[in-house]
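Asker: Below you'll find the structure I mean.
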Amino acid sequence: MFSTNEMPSPYSIFTAMASITASIMFFQSMINQILPKQVTNYLISILQHLFQSHYPHTTITFVFEKGSEYGTRNQIYDAARVYITTLKRSPETKRLRVRKSPKEKPLIFRLDDGERVTDFFEGIELEWRFVLRADSDKDTMNGGGGGGDGYEKRLYELSFNKKHEEKVSMVYIPFVLERAKRIEEENRFLKMHTLNIGFNGPCVGVNWQSVNLEHPATFETLAMKESKKISIMEDLDRFVRRKDFYKKVGRAWKRGYLLYGPPGTGKSSLVAAMANHLKFDIYDLQLGNVQRDCDLRRLLLATDNRSILVIEDIDCSVRLPDRLNNGGEQDYQTKSNNLDNPNDKKSVLTLSGLLNFIDGLWSSCGDERIIIFTTNHKEKLEPALLRPGRMDVHIHMGYCTYEAFKQLATNYLEISGDHHNHKHLYSEIKALLEQVQVTPAQVAEEFLKHEDADSALDRLLSLLRRIKNNVETGHLDQLDHHYSEALYE
């Protein structure tokens, strides 16, 4: 046992610790001022190596560099960069890299050189560390250069107890890859791809150009019967999770939808809602601008996986030669072969080319694709286009129902029929919607004209009464003529 005289006083211990801490901080400051950053990092790495060599059975570190010796990106590095942003930083973290792009709302925080963050996975403690290190190979090849930004090697270090090496390799790293993929899909900007037309000869000059897709439509805001919305979402979700099933039965992982109904019934909004729901890019294919089957094949190969291909107004966007003159099967094939001749300057897109694009061999070039056709006149479509496997789901986009009207009133006017001031208006609107045909686009247009809810509802009532009266009397005034063309043809 130690006597009281042998034990140092608390004050002496505190003074000694303060002196040691001050000396360490002074020494660290002198090193940072005297030695370049790259040399400091090198010394730290040596100390870490010496420390780990004394405990060979305790800690192991995986190193994930940004690039590989083959010049390609390291998938694990990219995944770690995304995944680490979701981890809770320790109070010891002192430096963070912060950025924000014009399209991003939140700030993006990333670790700075040497900073660490801890993760816990199934009882395993893991430490991530970001490192900037001078690339000695590039310095040598370029005759030095001091290790500027162009010569920095970026990497992540993952340290953990060596006894967990197999589990980290086989379970944790795949988990990080999958988690990072989901995060990127949730946060990425959707793209709208349209055709860019050039004139550089046959089968050349037609390609995709893209802009950010910022359409706000979602299934929550869609003016559609609730049961129909749920049915569509369930079909979409079932499709995206059945990759193994499609492979097992030998079918291309794609699904076709036909949206049909009068203009202004929300077909474009439904497409946008589907894209926002799935986080899929949209490719807007205008068949009228595609001159040849080879152009169509090339455009298909240029589309990405997890995308929605939209062909609007399929009944009138292009006149397919195979449909003309009601030719037989032999004429059908003969014309297709002739039109596919690259030396025939009169060649155009054929029905056989389109069908092969939808469900032939070319349709299997890519995974997780959705093809959407829209038309105002389903009865005018070529029957060969309508069979299952080409258009698997047919969705009728009808006139505005009372349920759709209530959704539009919520979206545009932020009201519901529960308010006592609006109950009588809602009741009359419901009765009129059962008697006349009006599109959701027309209802939305009336709501856009007024900021006051009562005025907007009164205006809509006036429109519905006028349409009803015109239909009953058979007299269409000039104001309503453009409505009647779409509604009563």
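In the structure tokens, chains take letters A, B, ... by order of appearance, with residues numbered from 1 within each chain and ligands from 1 in the order shown.
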List every residue of range 175-302 of chain A that DSSP, applied to the backbone of this structure, places in strand (DSSP E or B), and write the result as a list in words.

Answerer: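 Going through range 175-302 of chain A, the strand (DSSP E or B) residues come out as Lys191, Met192, His193, Thr194, Leu195, Asn196, Ile197, Val206, Asn207, Trp208, Gln209, Ser210, Val211, Asn212, Lys254, Arg255, Gly256, Tyr257, Leu258, Leu259, Tyr260, Asp281, Ile282, Tyr283 and Asp284 of chain A.
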
Asker: At a cut-off of 7 Å, using only C-alpha atoms, what residues contact Phe280 in chain A? Leave out same-chain residues fewer than 4 positions from it and give the result as a PyMOL selection string.

Answerer: chain A and resi 190+275-276+306-308

Asker: For CA of Val82 in chain A and CA of Leu213 in chain A, determine how far apart the two atoms are, in Å to one decimal place.

Answerer: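 Spanning CA of Val82 in chain A to CA of Leu213 in chain A is a straight-line distance of 22.5 Å.
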
Asker: Which is closer to Val310 in chain A than all the others in A:Met274, A:Ala431, A:Ile371, A:Ala80, using only C-alpha atoms?

Answerer: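 When distances to Val310 in chain A are compared using only C-alpha atoms, the smallest one comes from A:Ile371.
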
Asker: Enumerate as a list in words all residues of range 203-245 of chain A assigned to helix (DSSP H, G or I) by DSSP on the backbone, naming them with the chain letters and numbers the document uses.

Answerer: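 DSSP-assigned helix (DSSP H, G or I) residues in range 203-245 of chain A: Glu226, Ser227, Lys228, Lys229, Ile230, Ser231, Ile232, Met233, Glu234, Asp235, Leu236, Asp237, Arg238, Phe239, Val240, Lys243, Asp244 and Phe245 of chain A.
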
Asker: Write the selection just made, keeping N, CA and C atoms, as a PDB file, in the first residue's frame?

Answerer:
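Result file part_33.pdb:
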ATOM      1  N   GLU A 226     -59.075   6.839 -56.280  1.00  0.00           N
ATOM      2  CA  GLU A 226     -58.072   6.325 -55.359  1.00  0.00           C
ATOM      3  C   GLU A 226     -57.770   4.849 -55.604  1.00  0.00           C
ATOM      4  N   SER A 227     -58.771   4.054 -55.851  1.00  0.00           N
ATOM      5  CA  SER A 227     -58.550   2.624 -56.075  1.00  0.00           C
ATOM      6  C   SER A 227     -57.708   2.376 -57.318  1.00  0.00           C
ATOM      7  N   LYS A 228     -57.893   3.214 -58.355  1.00  0.00           N
ATOM      8  CA  LYS A 228     -57.090   3.064 -59.575  1.00  0.00           C
ATOM      9  C   LYS A 228     -55.637   3.439 -59.303  1.00  0.00           C
ATOM     10  N   LYS A 229     -55.412   4.499 -58.536  1.00  0.00           N
ATOM     11  CA  LYS A 229     -54.043   4.881 -58.201  1.00  0.00           C
ATOM     12  C   LYS A 229     -53.331   3.770 -57.438  1.00  0.00           C
ATOM     13  N   ILE A 230     -54.018   3.193 -56.478  1.00  0.00           N
ATOM     14  CA  ILE A 230     -53.418   2.110 -55.682  1.00  0.00           C
ATOM     15  C   ILE A 230     -53.088   0.923 -56.572  1.00  0.00           C
ATOM     16  N   SER A 231     -53.996   0.597 -57.483  1.00  0.00           N
ATOM     17  CA  SER A 231     -53.772  -0.530 -58.389  1.00  0.00           C
ATOM     18  C   SER A 231     -52.548  -0.312 -59.264  1.00  0.00           C
ATOM     19  N   ILE A 232     -52.374   0.905 -59.785  1.00  0.00           N
ATOM     20  CA  ILE A 232     -51.221   1.211 -60.639  1.00  0.00           C
ATOM     21  C   ILE A 232     -49.935   1.138 -59.831  1.00  0.00           C
ATOM     22  N   MET A 233     -49.924   1.710 -58.634  1.00  0.00           N
ATOM     23  CA  MET A 233     -48.716   1.675 -57.800  1.00  0.00           C
ATOM     24  C   MET A 233     -48.337   0.244 -57.438  1.00  0.00           C
ATOM     25  N   GLU A 234     -49.312  -0.579 -57.114  1.00  0.00           N
ATOM     26  CA  GLU A 234     -49.027  -1.976 -56.779  1.00  0.00           C
ATOM     27  C   GLU A 234     -48.442  -2.717 -57.970  1.00  0.00           C
ATOM     28  N   ASP A 235     -48.947  -2.435 -59.168  1.00  0.00           N
ATOM     29  CA  ASP A 235     -48.423  -3.077 -60.371  1.00  0.00           C
ATOM     30  C   ASP A 235     -46.976  -2.646 -60.626  1.00  0.00           C
ATOM     31  N   LEU A 236     -46.688  -1.365 -60.448  1.00  0.00           N
ATOM     32  CA  LEU A 236     -45.322  -0.862 -60.632  1.00  0.00           C
ATOM     33  C   LEU A 236     -44.365  -1.488 -59.623  1.00  0.00           C
ATOM     34  N   ASP A 237     -44.771  -1.513 -58.361  1.00  0.00           N
ATOM     35  CA  ASP A 237     -43.904  -2.060 -57.312  1.00  0.00           C
ATOM     36  C   ASP A 237     -43.661  -3.555 -57.526  1.00  0.00           C
ATOM     37  N   ARG A 238     -44.681  -4.271 -57.965  1.00  0.00           N
ATOM     38  CA  ARG A 238     -44.525  -5.698 -58.226  1.00  0.00           C
ATOM     39  C   ARG A 238     -43.546  -5.928 -59.374  1.00  0.00           C
ATOM     40  N   PHE A 239     -43.601  -5.066 -60.383  1.00  0.00           N
ATOM     41  CA  PHE A 239     -42.709  -5.199 -61.530  1.00  0.00           C
ATOM     42  C   PHE A 239     -41.245  -5.020 -61.122  1.00  0.00           C
ATOM     43  N   VAL A 240     -40.927  -3.986 -60.352  1.00  0.00           N
ATOM     44  CA  VAL A 240     -39.524  -3.676 -60.057  1.00  0.00           C
ATOM     45  C   VAL A 240     -38.887  -4.698 -59.113  1.00  0.00           C
ATOM     46  N   LYS A 243     -37.206  -9.137 -60.662  1.00  0.00           N
ATOM     47  CA  LYS A 243     -36.118  -9.369 -61.616  1.00  0.00           C
ATOM     48  C   LYS A 243     -35.847 -10.864 -61.780  1.00  0.00           C
ATOM     49  N   ASP A 244     -35.726 -11.574 -60.676  1.00  0.00           N
ATOM     50  CA  ASP A 244     -35.424 -13.006 -60.749  1.00  0.00           C
ATOM     51  C   ASP A 244     -36.539 -13.783 -61.439  1.00  0.00           C
ATOM     52  N   PHE A 245     -37.784 -13.345 -61.218  1.00  0.00           N
ATOM     53  CA  PHE A 245     -38.906 -14.033 -61.855  1.00  0.00           C
ATOM     54  C   PHE A 245     -38.845 -13.883 -63.368  1.00  0.00           C
TER      55      PHE A 245
END
